[in-house]
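*Asks:* My questions all concern the structure below.
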Amino acid sequence: LAAWFCARGLVPGDRIAVMLPNVPQYPVTVAAALRAGLVVVNVNPKGGIVTGLASMDDKLIVFKENSVYAMTGSGPDVLGDNDDYSTPVFVTGDAGCINTRSIVTTPDGLMFQSRKGIKLLTRARGMVDVGAPVSGLDVSPVTSAVLMTDVDQVRFTLEDGTTLMFDYFVKQWSQFTGIAAVDSVMWQDLHVYLRSDGTVLKETPNVYTDDGSHIPLLVRTAWIKVAGLQGFQRLWKFLILGTYESPRPLQVGIAHDFNPTPTQVTTADPTAPSV
């Protein structure tokens, strides 16, 4: 085994991580590593394999599949000496990271994709189920996660062609469809994403099309409850306020009694002649 380590290009002084429980293979592996002159770093097998690393404030966060750990220190120097990393401290076993590409640093902490959806590890090292409102929409693997520079948003592109956008100021989610991004980055303060066919598209401020195609927008309000308001029994009129950007039809559907299927639908077409 020591010869195998050397054949893989490891040289004396290199550090090797060993993640094994109390089994006979453990002393054999450690003995072989020491014989090859390697430095053994024991990794706790609890919580699965290491799936990601991220820095947060003065700590190094170690993600596993089912748990999270934290370490302090600056690590070794360029020669691999003077390693002052602390022993990993267990943070939580509520959820771990299953996708390295989903880890993103936000003002509130680290967001990542777990088996239980998108989670937030706060700077106080608490776990928040921030993705609960989009539960079921976040099961597809995340292909990229970026923090926007000019707005209070985090955007997750998903393998199924959708993008989940989280506004961390108002704590609200939105969903974009038809993106089909295999990766994305921030470039010159703009969101740029790569499609599977090799096409690279850049977000253009104040342009409301996707590669020249119209982007449909769906807005669903909360249920309006008038019961208990003195003098109110039903709604006769309501006003929709917005900014006119382009001649697109507006369709409005009205549902009643907590049934999401609209019972009244009307369409306003700005290109139709006035009556």
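Starting from 1 in every chain, residues are counted up; chains themselves are A, B, ... following the order of the structure tokens, and ligands are numbered from 1 as listed.
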Write out as a count of residues only all residues of stretch 136-257 of chain A that DSSP puts in strand (DSSP E or B) for this structure's backbone.
*Replies:* 47
*Asks:* Near A:Gln113, within 8 Å and counting only C-alpha atoms, which residues show up once chain neighbours fewer than 6 positions away are dropped, as an MDAnalysis selection string?
*Replies:* chainID A and resid 97:99 102:103 119 142
*Asks:* Those selected residues, please, written with C-alpha atoms and delivered as a short mmCIF file (atom, residue, chain, number, x, y, z; two decimals), in the first residue's frame.
*Replies:*
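Result went into selection39.cif, see below:
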```
data_model
loop_
_atom_site.label_atom_id
_atom_site.label_comp_id
_atom_site.auth_asym_id
_atom_site.auth_seq_id
_atom_site.Cartn_x
_atom_site.Cartn_y
_atom_site.Cartn_z
CA CYS A 97 -24.51 19.29 1.76
CA ILE A 98 -25.07 16.86 -1.12
CA ASN A 99 -23.90 19.18 -3.89
CA SER A 102 -24.83 24.61 -4.48
CA ILE A 103 -22.70 26.26 -1.76
CA LYS A 119 -30.71 25.21 3.86
CA VAL A 142 -28.15 22.55 -8.48
#
```
*Asks:* Can you list, as a PDB file with N, CA, C and O atoms, in the first residue's frame, every protein, DNA or RNA residue that comes within 7 Å of A:Val154 when you count only C-alpha atoms, leaving out same-chain residues fewer than 5 positions away?
*Replies:*
```pdb
ATOM      1  N   VAL A 146     -25.084  31.591  -7.327  1.00  0.00           N
ATOM      2  CA  VAL A 146     -24.357  32.857  -7.372  1.00  0.00           C
ATOM      3  C   VAL A 146     -25.066  33.904  -6.515  1.00  0.00           C
ATOM      4  O   VAL A 146     -26.299  33.896  -6.388  1.00  0.00           O
ATOM      5  N   LEU A 147     -24.274  34.781  -5.939  1.00  0.00           N
ATOM      6  CA  LEU A 147     -24.782  35.931  -5.203  1.00  0.00           C
ATOM      7  C   LEU A 147     -24.741  37.131  -6.122  1.00  0.00           C
ATOM      8  O   LEU A 147     -23.671  37.506  -6.624  1.00  0.00           O
ATOM      9  N   MET A 148     -25.896  37.745  -6.370  1.00  0.00           N
ATOM     10  CA  MET A 148     -25.955  38.898  -7.253  1.00  0.00           C
ATOM     11  C   MET A 148     -25.277  40.095  -6.590  1.00  0.00           C
ATOM     12  O   MET A 148     -25.304  40.236  -5.358  1.00  0.00           O
ATOM     13  N   MET A 165     -34.740  31.811  -7.395  1.00  0.00           N
ATOM     14  CA  MET A 165     -34.169  33.079  -6.944  1.00  0.00           C
ATOM     15  C   MET A 165     -34.677  33.395  -5.546  1.00  0.00           C
ATOM     16  O   MET A 165     -35.884  33.381  -5.310  1.00  0.00           O
ATOM     17  N   PHE A 166     -33.754  33.640  -4.628  1.00  0.00           N
ATOM     18  CA  PHE A 166     -34.120  33.978  -3.258  1.00  0.00           C
ATOM     19  C   PHE A 166     -33.708  35.416  -2.970  1.00  0.00           C
ATOM     20  O   PHE A 166     -32.540  35.774  -3.111  1.00  0.00           O
ATOM     21  N   ASP A 167     -34.701  36.242  -2.602  1.00  0.00           N
ATOM     22  CA  ASP A 167     -34.438  37.616  -2.178  1.00  0.00           C
ATOM     23  C   ASP A 167     -34.219  37.596  -0.671  1.00  0.00           C
ATOM     24  O   ASP A 167     -35.172  37.429   0.094  1.00  0.00           O
TER      25      ASP A 167
END
```
*Asks:* Using DSSP assignments from the backbone, pull out every residue in stretch 25-229 of chain A that falls under alpha helix (DSSP H) and give it to me as a PyMOL selection string.
*Replies:* chain A and resi 25-35
*Asks:* Smallest atom-to-atom distance to A:Asp58: which of A:Phe258, A:Ile16, A:Arg123, A:Gly37, using only C-alpha atoms?
*Replies:*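 Ranking A:Phe258, A:Ile16, A:Arg123, A:Gly37 by distance to A:Asp58, first place goes to A:Arg123.
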*Asks:* When you look at stretch 23-33 of chain A with a cut-off of 6 Å (counting only C-alpha atoms), what residues show up, excluding the ones that are within fewer than 4 positions of it in the same chain? I need them as a short mmCIF file (atom, residue, chain, number, x, y, z; two decimals) with all heavy atoms, in the first residue's frame.
*Replies:*
```cif
data_model
loop_
_atom_site.label_atom_id
_atom_site.label_comp_id
_atom_site.auth_asym_id
_atom_site.auth_seq_id
_atom_site.Cartn_x
_atom_site.Cartn_y
_atom_site.Cartn_z
N LEU A 1 0.83 -1.21 0.00
CA LEU A 1 0.00 0.00 0.00
C LEU A 1 0.87 1.26 0.00
O LEU A 1 0.54 2.25 -0.66
CB LEU A 1 -0.94 0.00 1.21
CG LEU A 1 -1.93 1.15 1.30
CD1 LEU A 1 -2.79 1.23 0.06
CD2 LEU A 1 -2.80 1.00 2.54
N ALA A 2 2.01 1.21 0.72
CA ALA A 2 2.93 2.36 0.73
C ALA A 2 3.46 2.63 -0.67
O ALA A 2 3.58 3.78 -1.10
CB ALA A 2 4.07 2.11 1.72
N LEU A 38 4.26 10.01 4.68
CA LEU A 38 3.15 10.93 4.56
C LEU A 38 2.64 11.35 5.93
O LEU A 38 2.86 10.67 6.93
CB LEU A 38 2.00 10.27 3.77
CG LEU A 38 2.37 9.70 2.39
CD1 LEU A 38 1.17 9.00 1.76
CD2 LEU A 38 2.91 10.80 1.48
#
```
*Asks:* Would you mind listing what lies within 12 Å of A:His256 as a VMD selection string, with only C-alpha atoms counted and same-chain residues fewer than 3 positions away left out?
*Replies:* chain A and resid 222 to 225 234 to 235 253 259 to 264
*Asks:* Would you kindly return, as an MDAnalysis selection string, each protein, DNA or RNA residue with an atom no farther than 10 Å from any atom of A:Leu218, considering only C-alpha atoms and excluding same-chain residues fewer than 6 positions away?
*Replies:* chainID A and resid 175 251:252
*Asks:* Choose the residue, out of A:Ala180, A:Pro107, A:Asp210, A:Asp57, that has the smallest atom-to-atom separation from A:Gly198; count only C-alpha atoms.
*Replies:*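 Using only C-alpha atoms, the shortest distance to A:Gly198 belongs to A:Ala180.
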